[in-house]
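Raw model24.cif, mmCIF, C-alpha atoms:
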```cif
data_query
loop_
_atom_site.label_atom_id
_atom_site.label_comp_id
_atom_site.auth_asym_id
_atom_site.auth_seq_id
_atom_site.Cartn_x
_atom_site.Cartn_y
_atom_site.Cartn_z
CA MET A 1 93.96 44.22 83.62
CA ARG A 2 91.67 44.02 80.60
CA PHE A 3 93.20 43.65 77.12
CA ALA A 4 91.66 44.29 73.72
CA VAL A 5 92.89 41.95 70.97
CA ILE A 6 92.14 43.72 67.69
CA GLN A 7 90.93 41.48 64.88
CA PHE A 8 91.70 42.68 61.35
CA PRO A 9 90.54 40.76 58.28
CA GLY A 10 93.37 38.25 57.90
CA SER A 11 94.71 38.35 61.47
CA ASN A 12 95.67 34.83 62.49
CA CYS A 13 97.49 35.13 65.83
CA ASP A 14 94.53 36.67 67.63
CA VAL A 15 93.68 33.36 69.30
CA ASP A 16 97.29 32.97 70.48
CA LEU A 17 97.21 36.41 72.11
CA LEU A 18 93.88 35.77 73.80
CA HIS A 19 95.21 32.43 75.08
CA ALA A 20 98.44 34.01 76.35
CA ILE A 21 96.51 36.58 78.37
CA ARG A 22 93.69 34.41 79.67
CA ASP A 23 95.50 31.12 80.23
CA GLY A 24 99.14 32.24 80.34
CA VAL A 25 98.92 35.13 82.77
CA GLY A 26 95.32 34.83 83.99
CA GLU A 27 94.03 38.27 83.01
CA GLU A 28 91.04 39.38 80.98
CA ALA A 29 91.11 39.67 77.18
CA GLU A 30 88.41 40.25 74.60
CA TYR A 31 88.39 40.44 70.81
CA VAL A 32 87.63 43.83 69.32
CA PRO A 33 86.77 43.96 65.59
CA HIS A 34 88.60 46.41 63.28
CA THR A 35 85.25 48.07 62.62
CA ALA A 36 84.76 49.08 66.26
CA ASP A 37 85.21 52.71 67.24
CA SER A 38 85.79 52.49 70.98
CA LEU A 39 88.32 50.98 73.37
CA GLU A 40 86.24 51.99 76.37
CA GLY A 41 86.89 49.73 79.35
CA PHE A 42 90.24 48.38 78.14
CA ASP A 43 93.60 48.92 79.84
CA GLY A 44 95.82 47.58 77.06
CA VAL A 45 95.69 46.98 73.30
CA LEU A 46 97.27 44.01 71.50
CA LEU A 47 97.68 43.96 67.71
CA PRO A 48 98.05 40.36 66.51
CA GLY A 49 100.16 38.76 63.81
CA GLY A 50 98.78 37.51 60.53
CA PHE A 51 98.22 38.87 57.04
CA SER A 52 95.71 41.64 57.46
CA TYR A 53 94.13 42.57 54.12
CA GLY A 54 96.25 39.84 52.53
CA ASP A 55 99.36 42.03 52.94
CA TYR A 56 98.06 43.90 49.87
CA LEU A 57 100.07 47.00 48.92
CA ARG A 58 102.44 46.56 51.91
CA SER A 59 102.07 44.66 55.16
CA GLY A 60 99.92 46.71 57.51
CA ALA A 61 99.39 49.57 55.01
CA ILE A 62 95.65 49.09 54.64
CA SER A 63 94.89 48.06 58.24
CA ARG A 64 96.35 51.27 59.49
CA PHE A 65 93.29 53.03 58.05
CA SER A 66 90.86 50.66 59.80
CA ASN A 67 88.15 52.28 61.84
CA ILE A 68 89.64 51.19 65.17
CA MET A 69 93.12 52.56 64.43
CA SER A 70 92.34 56.21 65.17
CA GLU A 71 91.13 55.02 68.57
CA VAL A 72 94.34 52.96 69.01
CA SER A 73 96.38 56.12 68.25
CA ARG A 74 94.38 58.10 70.78
CA PHE A 75 94.84 55.29 73.34
CA ALA A 76 98.60 55.39 72.72
CA GLU A 77 98.70 59.18 73.06
CA GLU A 78 97.12 58.83 76.49
CA GLY A 79 100.14 56.75 77.52
CA LYS A 80 98.27 53.47 77.70
CA PRO A 81 100.04 50.27 76.62
CA VAL A 82 99.90 49.18 72.98
CA PHE A 83 101.72 46.07 71.81
CA GLY A 84 102.03 44.78 68.24
CA THR A 85 103.63 41.50 67.26
CA CYS A 86 104.56 40.57 63.69
CA ASN A 87 101.79 42.02 61.48
CA GLY A 88 100.82 44.09 64.52
CA PHE A 89 104.33 45.61 64.48
CA GLN A 90 103.97 46.28 60.73
CA ILE A 91 100.68 48.07 61.38
CA LEU A 92 102.25 50.20 64.15
CA VAL A 93 105.08 51.42 61.89
CA GLU A 94 102.67 52.08 59.01
CA ALA A 95 100.48 54.06 61.42
CA GLY A 96 103.49 56.12 62.48
CA LEU A 97 103.17 55.02 66.12
CA LEU A 98 106.67 53.56 65.79
CA PRO A 99 109.50 54.76 63.52
CA GLY A 100 111.02 52.89 60.58
CA ALA A 101 109.58 50.34 58.16
CA LEU A 102 109.51 46.57 57.67
CA GLN A 103 110.87 45.27 54.41
CA ARG A 104 110.73 41.89 52.73
CA ASN A 105 113.20 39.44 54.29
CA LYS A 106 116.60 39.70 52.66
CA GLN A 107 116.64 35.94 52.00
CA LEU A 108 113.20 36.24 50.38
CA HIS A 109 111.61 33.27 52.08
CA PHE A 110 109.02 33.18 54.76
CA ILE A 111 110.78 32.08 57.95
CA CYS A 112 109.01 30.11 60.65
CA LYS A 113 111.37 28.96 63.38
CA THR A 114 112.51 29.44 66.94
CA THR A 115 115.04 32.22 67.44
CA GLU A 116 117.31 33.41 70.19
CA LEU A 117 116.26 36.87 71.15
CA LYS A 118 118.37 39.22 73.27
CA VAL A 119 116.82 41.68 75.72
CA ASP A 120 118.75 44.89 75.00
CA ASN A 121 116.66 47.07 77.23
CA ASN A 122 114.96 45.74 80.36
CA GLN A 123 114.16 49.24 81.61
CA THR A 124 110.78 49.27 79.87
CA LYS A 125 107.32 48.51 81.15
CA PHE A 126 107.22 45.53 78.78
CA THR A 127 110.53 43.94 79.74
CA SER A 128 111.20 44.71 83.40
CA LYS A 129 110.91 41.06 84.43
CA TYR A 130 113.84 40.10 82.17
CA GLN A 131 117.55 40.56 82.85
CA LYS A 132 119.50 42.90 80.60
CA ASP A 133 121.18 40.89 77.79
CA GLU A 134 119.18 37.80 78.76
CA VAL A 135 118.69 35.52 75.75
CA LEU A 136 115.12 34.27 75.24
CA THR A 137 113.76 31.47 73.10
CA ILE A 138 110.91 32.96 71.07
CA PRO A 139 109.47 31.89 67.70
CA ILE A 140 109.30 34.04 64.58
CA ALA A 141 107.06 33.57 61.53
CA HIS A 142 107.27 36.26 58.86
CA GLY A 143 108.14 37.12 55.28
CA GLU A 144 108.46 40.88 55.70
CA GLY A 145 110.27 41.47 58.95
CA SER A 146 113.47 43.18 57.96
CA PHE A 147 113.46 46.35 60.03
CA TYR A 148 114.78 49.40 58.19
CA CYS A 149 115.19 53.05 59.13
CA ASP A 150 117.47 55.86 57.99
CA ASP A 151 120.69 56.76 59.84
CA ASP A 152 119.17 59.67 61.75
CA THR A 153 116.31 57.52 63.02
CA LEU A 154 118.75 54.78 64.00
CA ALA A 155 120.89 57.25 65.95
CA ASP A 156 117.74 58.48 67.63
CA LEU A 157 116.62 54.93 68.52
CA LYS A 158 120.03 54.25 70.07
CA ALA A 159 120.22 57.56 71.94
CA ASN A 160 116.85 56.93 73.56
CA ASN A 161 117.38 53.21 74.27
CA GLN A 162 114.44 52.37 72.02
CA ILE A 163 115.96 49.16 70.67
CA VAL A 164 114.45 46.61 73.05
CA PHE A 165 115.06 43.24 71.34
CA THR A 166 117.73 42.08 68.89
CA TYR A 167 118.40 38.69 67.30
CA ALA A 168 121.10 37.13 69.46
CA SER A 169 122.73 34.71 67.02
CA ASP A 170 121.65 34.58 63.37
CA ASN A 171 119.84 37.56 61.94
CA PRO A 172 116.96 35.77 60.18
CA ASN A 173 115.73 38.60 57.95
CA GLY A 174 118.51 41.14 57.36
CA SER A 175 117.18 43.82 59.70
CA ILE A 176 119.56 46.68 60.44
CA GLU A 177 121.60 46.21 63.62
CA ASN A 178 119.78 42.86 64.15
CA ILE A 179 116.76 44.77 65.39
CA ALA A 180 113.78 42.57 66.33
CA GLY A 181 111.70 44.94 68.46
CA ILE A 182 111.52 48.65 69.32
CA ILE A 183 109.60 50.92 71.65
CA ASN A 184 108.39 54.51 71.22
CA LYS A 185 110.04 57.39 73.08
CA LYS A 186 107.23 57.60 75.60
CA GLY A 187 107.67 53.92 76.48
CA ASN A 188 104.09 52.74 76.01
CA VAL A 189 104.06 51.42 72.41
CA LEU A 190 106.18 48.36 71.62
CA GLY A 191 106.40 46.42 68.37
CA MET A 192 108.40 43.29 67.61
CA MET A 193 108.54 40.66 64.86
CA PRO A 194 108.89 37.63 67.21
CA HIS A 195 105.88 36.10 68.93
CA PRO A 196 106.05 36.10 72.75
CA GLU A 197 102.41 34.96 72.81
CA ARG A 198 103.53 31.69 71.21
CA ALA A 199 106.02 31.07 74.00
CA VAL A 200 103.86 30.84 77.09
CA GLU A 201 104.13 27.14 77.97
CA ASP A 202 107.06 24.75 78.21
CA LEU A 203 105.01 22.04 76.54
CA LEU A 204 105.16 24.03 73.29
CA GLY A 205 108.88 24.73 73.50
CA SER A 206 109.30 27.83 75.63
CA SER A 207 107.62 29.88 78.30
CA ASP A 208 110.00 32.84 77.91
CA GLY A 209 107.17 35.00 76.57
CA LEU A 210 105.23 34.88 79.84
CA ARG A 211 107.38 37.48 81.57
CA PHE A 212 106.70 39.91 78.72
CA PHE A 213 102.99 39.99 79.55
CA GLN A 214 103.69 39.79 83.28
CA SER A 215 105.91 42.88 82.98
CA MET A 216 103.14 44.75 81.17
CA ILE A 217 100.59 43.78 83.76
CA SER A 218 102.62 44.61 86.83
CA ASN A 219 103.95 47.94 85.48
CA PHE A 220 100.84 49.32 83.84
CA VAL A 221 98.55 48.12 86.63
CA LYS A 222 100.86 49.65 89.21
CA GLU A 223 100.74 52.90 87.27
CA THR A 224 96.93 52.94 87.27
CA ALA A 225 96.91 52.20 91.01
CA ASP A 226 99.28 55.12 91.66
CA VAL A 227 96.98 57.64 89.99
CA MET B 1 88.27 63.84 34.67
CA TYR B 2 91.89 62.84 34.96
CA ASN B 3 93.74 59.61 34.34
CA VAL B 4 96.69 59.40 36.69
CA LYS B 5 99.56 56.93 36.55
CA VAL B 6 101.56 56.49 39.74
CA TYR B 7 104.89 54.67 39.94
CA VAL B 8 106.20 53.63 43.37
CA THR B 9 109.77 52.37 43.65
CA TYR B 10 112.28 51.71 46.38
CA LYS B 11 114.66 54.54 47.14
CA GLU B 12 118.07 53.96 45.58
CA SER B 13 119.66 53.32 48.97
CA ILE B 14 117.26 50.45 49.69
CA LEU B 15 118.07 46.89 48.73
CA ASP B 16 115.34 45.26 46.65
CA PRO B 17 115.48 41.52 47.40
CA GLN B 18 112.78 40.69 44.82
CA GLY B 19 114.63 42.57 42.09
CA GLU B 20 117.87 40.77 43.01
CA ALA B 21 116.12 37.40 42.70
CA VAL B 22 114.72 38.28 39.27
CA ARG B 23 118.13 39.52 38.13
CA GLY B 24 119.56 36.14 39.16
CA ALA B 25 116.95 34.41 36.99
CA VAL B 26 117.65 36.52 33.88
CA HIS B 27 121.34 35.77 34.28
CA ARG B 28 120.50 32.07 34.37
CA MET B 29 118.51 32.69 31.15
CA GLY B 30 121.77 33.89 29.62
CA PHE B 31 121.18 37.65 29.59
CA ASP B 32 124.34 38.70 31.37
CA GLU B 33 124.04 42.23 29.93
CA ILE B 34 121.17 42.93 32.34
CA ASP B 35 122.99 44.71 35.13
CA ASP B 36 120.19 45.53 37.50
CA ILE B 37 116.47 45.02 38.03
CA ARG B 38 114.34 46.83 40.55
CA ILE B 39 110.69 46.06 41.10
CA GLY B 40 108.13 48.73 41.81
CA LYS B 41 104.37 49.24 41.82
CA TYR B 42 102.19 50.87 39.19
CA PHE B 43 98.74 52.37 39.82
CA GLU B 44 96.12 53.59 37.34
CA ILE B 45 93.83 56.06 39.04
CA LYS B 46 90.79 57.95 37.78
CA VAL B 47 90.08 61.24 39.53
CA SER B 48 87.09 63.51 38.96
CA LYS B 49 87.52 67.26 38.89
CA GLN B 50 86.92 69.10 42.14
CA GLU B 51 86.72 72.77 42.97
CA GLU B 52 88.23 72.59 46.46
CA ARG B 53 91.45 70.71 45.81
CA SER B 54 93.76 70.12 42.89
CA VAL B 55 94.35 66.68 41.45
CA GLU B 56 98.06 67.05 42.37
CA ASP B 57 97.17 67.61 46.01
CA VAL B 58 94.91 64.56 46.03
CA ILE B 59 97.49 62.29 44.42
CA GLU B 60 100.38 63.48 46.58
CA THR B 61 98.40 63.06 49.78
CA VAL B 62 97.26 59.58 48.81
CA CYS B 63 100.82 58.63 47.81
CA ASP B 64 102.39 60.00 51.00
CA LYS B 65 99.87 58.35 53.27
CA LEU B 66 99.03 55.09 51.55
CA LEU B 67 100.44 54.16 48.15
CA ALA B 68 104.09 54.62 49.13
CA ASN B 69 105.89 54.18 52.42
CA VAL B 70 108.12 57.22 52.23
CA VAL B 71 110.53 55.72 54.75
CA MET B 72 111.79 53.37 52.04
CA GLU B 73 109.95 54.23 48.84
CA THR B 74 109.65 57.14 46.46
CA TYR B 75 107.02 57.89 43.80
CA ARG B 76 106.36 59.85 40.66
CA TYR B 77 103.14 60.43 38.73
CA GLU B 78 101.75 61.50 35.38
CA ILE B 79 98.43 63.29 35.03
CA GLU B 80 96.40 63.26 31.84
CA GLU B 81 93.20 65.24 31.50
CA VAL B 82 90.41 63.39 29.76
CA LYS B 83 87.56 65.24 28.05
CA GLU B 84 84.23 63.96 29.35
CA THR B 85 81.93 62.77 26.59
CA VAL B 86 78.41 64.01 27.23
#
```

Transcribe the structure of this file into structure tokens.
Amino acid sequence: MRFAVIQFPGSNCDVDLLHAIRDGVGEEAEYVPHTADSLEGFDGVLLPGGFSYGDYLRSGAISRFSNIMSEVSRFAEEGKPVFGTCNGFQILVEAGLLPGALQRNKQLHFICKTTELKVDNNQTKFTSKYQKDEVLTIPIAHGEGSFYCDDDTLADLKANNQIVFTYASDNPNGSIENIAGIINKKGNVLGMMPHPERAVEDLLGSSDGLRFFQSMISNFVKETADV
Amino acid sequence: MYNVKVYVTYKESILDPQGEAVRGAVHRMGFDEIDDIRIGKYFEIKVSKQEERSVEDVIETVCDKLLANVVMETYRYEIEEVKETV
């Protein structure tokens, strides 16, 4: 499986994603600049964390109009896998590929720490290698990660099992219903504030993120093989 | 030519953590009569006249798509026409 890691001006977790794919799960990954206009030859798209465009205006607001993003939307419409972590998640909600919005953390400070993350839905192509309600150790690092949506959207997210990850113990940012990560209705676009790509080796504290990428690879590759 | 002022603020139902923090500071300054502070964004925009689309359409589209996130924010604007000096 060949992944595109999109590089926006100010992305800073692009290297982590490339490392997770190449060295963590042994698949192919290449950087694709935000100025590119094609995702030809790629089977999956990864939007990295960081501070694209300095978080000017709102996190992700300016990146969403990058050249490559119309191609990312088209890629998502075709049912191909798109994953955004942290700033990547912010870009996906700004682009309307996922519902809701990400607000400044309730406690105001930037939080960089390891969190306990609960798998609420393991019936997705991103989480099938986890147990339902399994608690993972995954780091977070963000200042604007408080997920917000209106009541109707929340009811919709619940009805369609779109809430994939929640904070298991302390809610670090004040997100509604402890939401940490959601998926679109179609099941091929997932965004989350925590960083599974920073949890791919025990030496650095946790390898719980590995199965996230392994799930993606086995499910989306299987799908391509079936066609 | 138009000068447009756009104000983007959080919807009333949305908590504004920055505003809360500033309110805490003014209370520590001794101004207990300040009940609430909410922080928003202010834009000054210059728009040239166009035949095809109205300045209102341009501003509303730009606000809806970029300047405000309508999931949590709302906006208002003022348009002032400026006579071009030849």

>> Just want the 12 Å neighbourhood of Glu40 (chain A), counted on only C-alpha atoms, with same-chain residues fewer than 2 positions away dropped. Output as a ChimeraX atom specification.
In response: /A:2-4,32,36-38,42-45,68,71-72,74-75

> What is the distance between CA of Ser52 (chain A) and CA of Gln90 (chain A), in Å to one decimal?
Replying inline: 10.0 Å

>> For a quick check of understanding, using all atoms listed in the file, which of B:Thr85, B:Ser54, B:Thr9, B:Asn3 has the smallest distance to Val71 (chain B)?
In response: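 Checking each of B:Thr85, B:Ser54, B:Thr9, B:Asn3 against Val71 (chain B), counting all atoms listed in the file, the winner is B:Thr9.
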
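Applied to the file shown here, the PyMOL selection byres ((chain A) within 7 of (chain B)) selects Ala61, Gly100, Ala101, Lys106, Leu108 and Cys149 of chain A.
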
Requested write-out: C-alpha atoms of the selected residues, as a short mmCIF file (atom, residue, chain, number, x, y, z; two decimals), keeping the file's coordinate frame:
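Once everything was written out, this is part_23.cif:
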```
data_model
loop_
_atom_site.label_atom_id
_atom_site.label_comp_id
_atom_site.auth_asym_id
_atom_site.auth_seq_id
_atom_site.Cartn_x
_atom_site.Cartn_y
_atom_site.Cartn_z
CA ALA A 61 99.39 49.57 55.01
CA GLY A 100 111.02 52.89 60.58
CA ALA A 101 109.58 50.34 58.16
CA LYS A 106 116.60 39.70 52.66
CA LEU A 108 113.20 36.24 50.38
CA CYS A 149 115.19 53.05 59.13
#
```

>> So the first atom is CA of Glu116 (chain A) and the second is CA of Phe89 (chain A); what is the distance between them in Å, to one decimal place?
In response: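 Between CA of Glu116 (chain A) and CA of Phe89 (chain A) the gap is 18.7 Å.
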
> Any idea what the distance is between CA of Glu44 (chain B) and CA of Phe8 (chain A)?
Replying inline: 26.7 Å

> What do you get, as a count of residues only, if you spell out every residue that the PyMOL selection byres ((chain A and resi 58) around 12) selects here?
Replying inline: 34

>> Translate the PyMOL selection byres ((chain B and resi 76) around 7) into a concrete residue list for this structure, as a VMD selection string.
In response: chain B and resid 6 to 8 75 77

> Could you pull the residues within 8 Å of Val4 (chain B), counting all atoms listed in the file, minus those fewer than 4 positions along the same chain, as a PyMOL selection string?
Replying inline: chain B and resi 43-47+77-80

Store the residues picked out above, limited to C-alpha atoms, as a CSV table (one decimal), keeping the file's coordinate frame.
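Output below, filename again_12.csv:
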```
chain,number,residue,atom,x,y,z
B,43,PHE,CA,98.7,52.4,39.8
B,44,GLU,CA,96.1,53.6,37.3
B,45,ILE,CA,93.8,56.1,39.0
B,46,LYS,CA,90.8,58.0,37.8
B,47,VAL,CA,90.1,61.2,39.5
B,77,TYR,CA,103.1,60.4,38.7
B,78,GLU,CA,101.8,61.5,35.4
B,79,ILE,CA,98.4,63.3,35.0
B,80,GLU,CA,96.4,63.3,31.8
```

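Using only C-alpha atoms for every distance, the candidate list B:Arg38, B:Arg23, B:Arg28, B:Arg53 yields B:Arg38 as the residue closest to Lys11 (chain B).
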
> Restricting the calculation to all atoms listed in the file, which member of A:Gly96, A:Gly84, A:Gly26, A:Pro172 is positioned closest to Cys112 (chain A)?
Replying inline: A:Pro172

> Counting only C-alpha atoms, what is within 8 Å of Cys86 (chain A), bar same-chain residues fewer than 4 positions away, as an MDAnalysis selection string?
Replying inline: chainID A and resid 48:50 90 141:142 145 191:195

Take region 114-136 of chain A, bring it up to N, CA and C atoms, and give me the output as a PDB file, in the frame of the given file.
```pdb
ATOM      1  N   THR A 114     112.226  28.887  65.623  1.00  0.00           N
ATOM      2  CA  THR A 114     112.510  29.440  66.940  1.00  0.00           C
ATOM      3  C   THR A 114     113.801  30.235  66.860  1.00  0.00           C
ATOM      4  N   THR A 115     113.807  31.422  67.472  1.00  0.00           N
ATOM      5  CA  THR A 115     115.040  32.220  67.440  1.00  0.00           C
ATOM      6  C   THR A 115     115.506  32.547  68.852  1.00  0.00           C
ATOM      7  N   GLU A 116     116.762  32.915  68.928  1.00  0.00           N
ATOM      8  CA  GLU A 116     117.310  33.410  70.190  1.00  0.00           C
ATOM      9  C   GLU A 116     117.227  34.923  70.148  1.00  0.00           C
ATOM     10  N   LEU A 117     116.556  35.451  71.130  1.00  0.00           N
ATOM     11  CA  LEU A 117     116.260  36.870  71.150  1.00  0.00           C
ATOM     12  C   LEU A 117     116.913  37.501  72.375  1.00  0.00           C
ATOM     13  N   LYS A 118     117.673  38.580  72.150  1.00  0.00           N
ATOM     14  CA  LYS A 118     118.370  39.220  73.270  1.00  0.00           C
ATOM     15  C   LYS A 118     117.573  40.423  73.783  1.00  0.00           C
ATOM     16  N   VAL A 119     117.481  40.523  75.098  1.00  0.00           N
ATOM     17  CA  VAL A 119     116.820  41.680  75.720  1.00  0.00           C
ATOM     18  C   VAL A 119     117.855  42.793  75.851  1.00  0.00           C
ATOM     19  N   ASP A 120     117.777  43.793  74.973  1.00  0.00           N
ATOM     20  CA  ASP A 120     118.750  44.890  75.000  1.00  0.00           C
ATOM     21  C   ASP A 120     118.382  45.950  76.020  1.00  0.00           C
ATOM     22  N   ASN A 121     117.097  46.063  76.278  1.00  0.00           N
ATOM     23  CA  ASN A 121     116.660  47.070  77.230  1.00  0.00           C
ATOM     24  C   ASN A 121     115.603  46.445  78.144  1.00  0.00           C
ATOM     25  N   ASN A 122     115.950  46.282  79.409  1.00  0.00           N
ATOM     26  CA  ASN A 122     114.960  45.740  80.360  1.00  0.00           C
ATOM     27  C   ASN A 122     114.378  46.846  81.236  1.00  0.00           C
ATOM     28  N   GLN A 123     114.693  48.089  80.858  1.00  0.00           N
ATOM     29  CA  GLN A 123     114.160  49.240  81.610  1.00  0.00           C
ATOM     30  C   GLN A 123     112.884  49.744  80.943  1.00  0.00           C
ATOM     31  N   THR A 124     112.053  48.850  80.448  1.00  0.00           N
ATOM     32  CA  THR A 124     110.780  49.270  79.870  1.00  0.00           C
ATOM     33  C   THR A 124     109.661  48.580  80.633  1.00  0.00           C
ATOM     34  N   LYS A 125     108.466  49.085  80.439  1.00  0.00           N
ATOM     35  CA  LYS A 125     107.320  48.510  81.150  1.00  0.00           C
ATOM     36  C   LYS A 125     106.925  47.152  80.559  1.00  0.00           C
ATOM     37  N   PHE A 126     107.529  46.804  79.416  1.00  0.00           N
ATOM     38  CA  PHE A 126     107.220  45.530  78.780  1.00  0.00           C
ATOM     39  C   PHE A 126     108.265  44.458  79.108  1.00  0.00           C
ATOM     40  N   THR A 127     109.418  44.892  79.620  1.00  0.00           N
ATOM     41  CA  THR A 127     110.530  43.940  79.740  1.00  0.00           C
ATOM     42  C   THR A 127     111.190  43.938  81.116  1.00  0.00           C
ATOM     43  N   SER A 128     110.538  44.543  82.102  1.00  0.00           N
ATOM     44  CA  SER A 128     111.200  44.710  83.400  1.00  0.00           C
ATOM     45  C   SER A 128     111.433  43.393  84.136  1.00  0.00           C
ATOM     46  N   LYS A 129     110.720  42.349  83.761  1.00  0.00           N
ATOM     47  CA  LYS A 129     110.910  41.060  84.430  1.00  0.00           C
ATOM     48  C   LYS A 129     112.014  40.216  83.764  1.00  0.00           C
ATOM     49  N   TYR A 130     112.690  40.780  82.781  1.00  0.00           N
ATOM     50  CA  TYR A 130     113.840  40.100  82.170  1.00  0.00           C
ATOM     51  C   TYR A 130     115.123  40.735  82.694  1.00  0.00           C
ATOM     52  N   GLN A 131     116.234  39.996  82.550  1.00  0.00           N
ATOM     53  CA  GLN A 131     117.550  40.560  82.850  1.00  0.00           C
ATOM     54  C   GLN A 131     118.057  41.258  81.597  1.00  0.00           C
ATOM     55  N   LYS A 132     118.890  42.280  81.774  1.00  0.00           N
ATOM     56  CA  LYS A 132     119.500  42.900  80.600  1.00  0.00           C
ATOM     57  C   LYS A 132     120.414  41.863  79.938  1.00  0.00           C
ATOM     58  N   ASP A 133     120.390  41.818  78.605  1.00  0.00           N
ATOM     59  CA  ASP A 133     121.180  40.890  77.790  1.00  0.00           C
ATOM     60  C   ASP A 133     120.786  39.421  77.965  1.00  0.00           C
ATOM     61  N   GLU A 134     119.689  39.175  78.662  1.00  0.00           N
ATOM     62  CA  GLU A 134     119.180  37.800  78.760  1.00  0.00           C
ATOM     63  C   GLU A 134     118.785  37.325  77.355  1.00  0.00           C
ATOM     64  N   VAL A 135     119.049  36.055  77.067  1.00  0.00           N
ATOM     65  CA  VAL A 135     118.690  35.520  75.750  1.00  0.00           C
ATOM     66  C   VAL A 135     117.455  34.626  75.902  1.00  0.00           C
ATOM     67  N   LEU A 136     116.397  34.978  75.152  1.00  0.00           N
ATOM     68  CA  LEU A 136     115.120  34.270  75.240  1.00  0.00           C
ATOM     69  C   LEU A 136     114.941  33.359  74.039  1.00  0.00           C
TER      70      LEU A 136
END
```
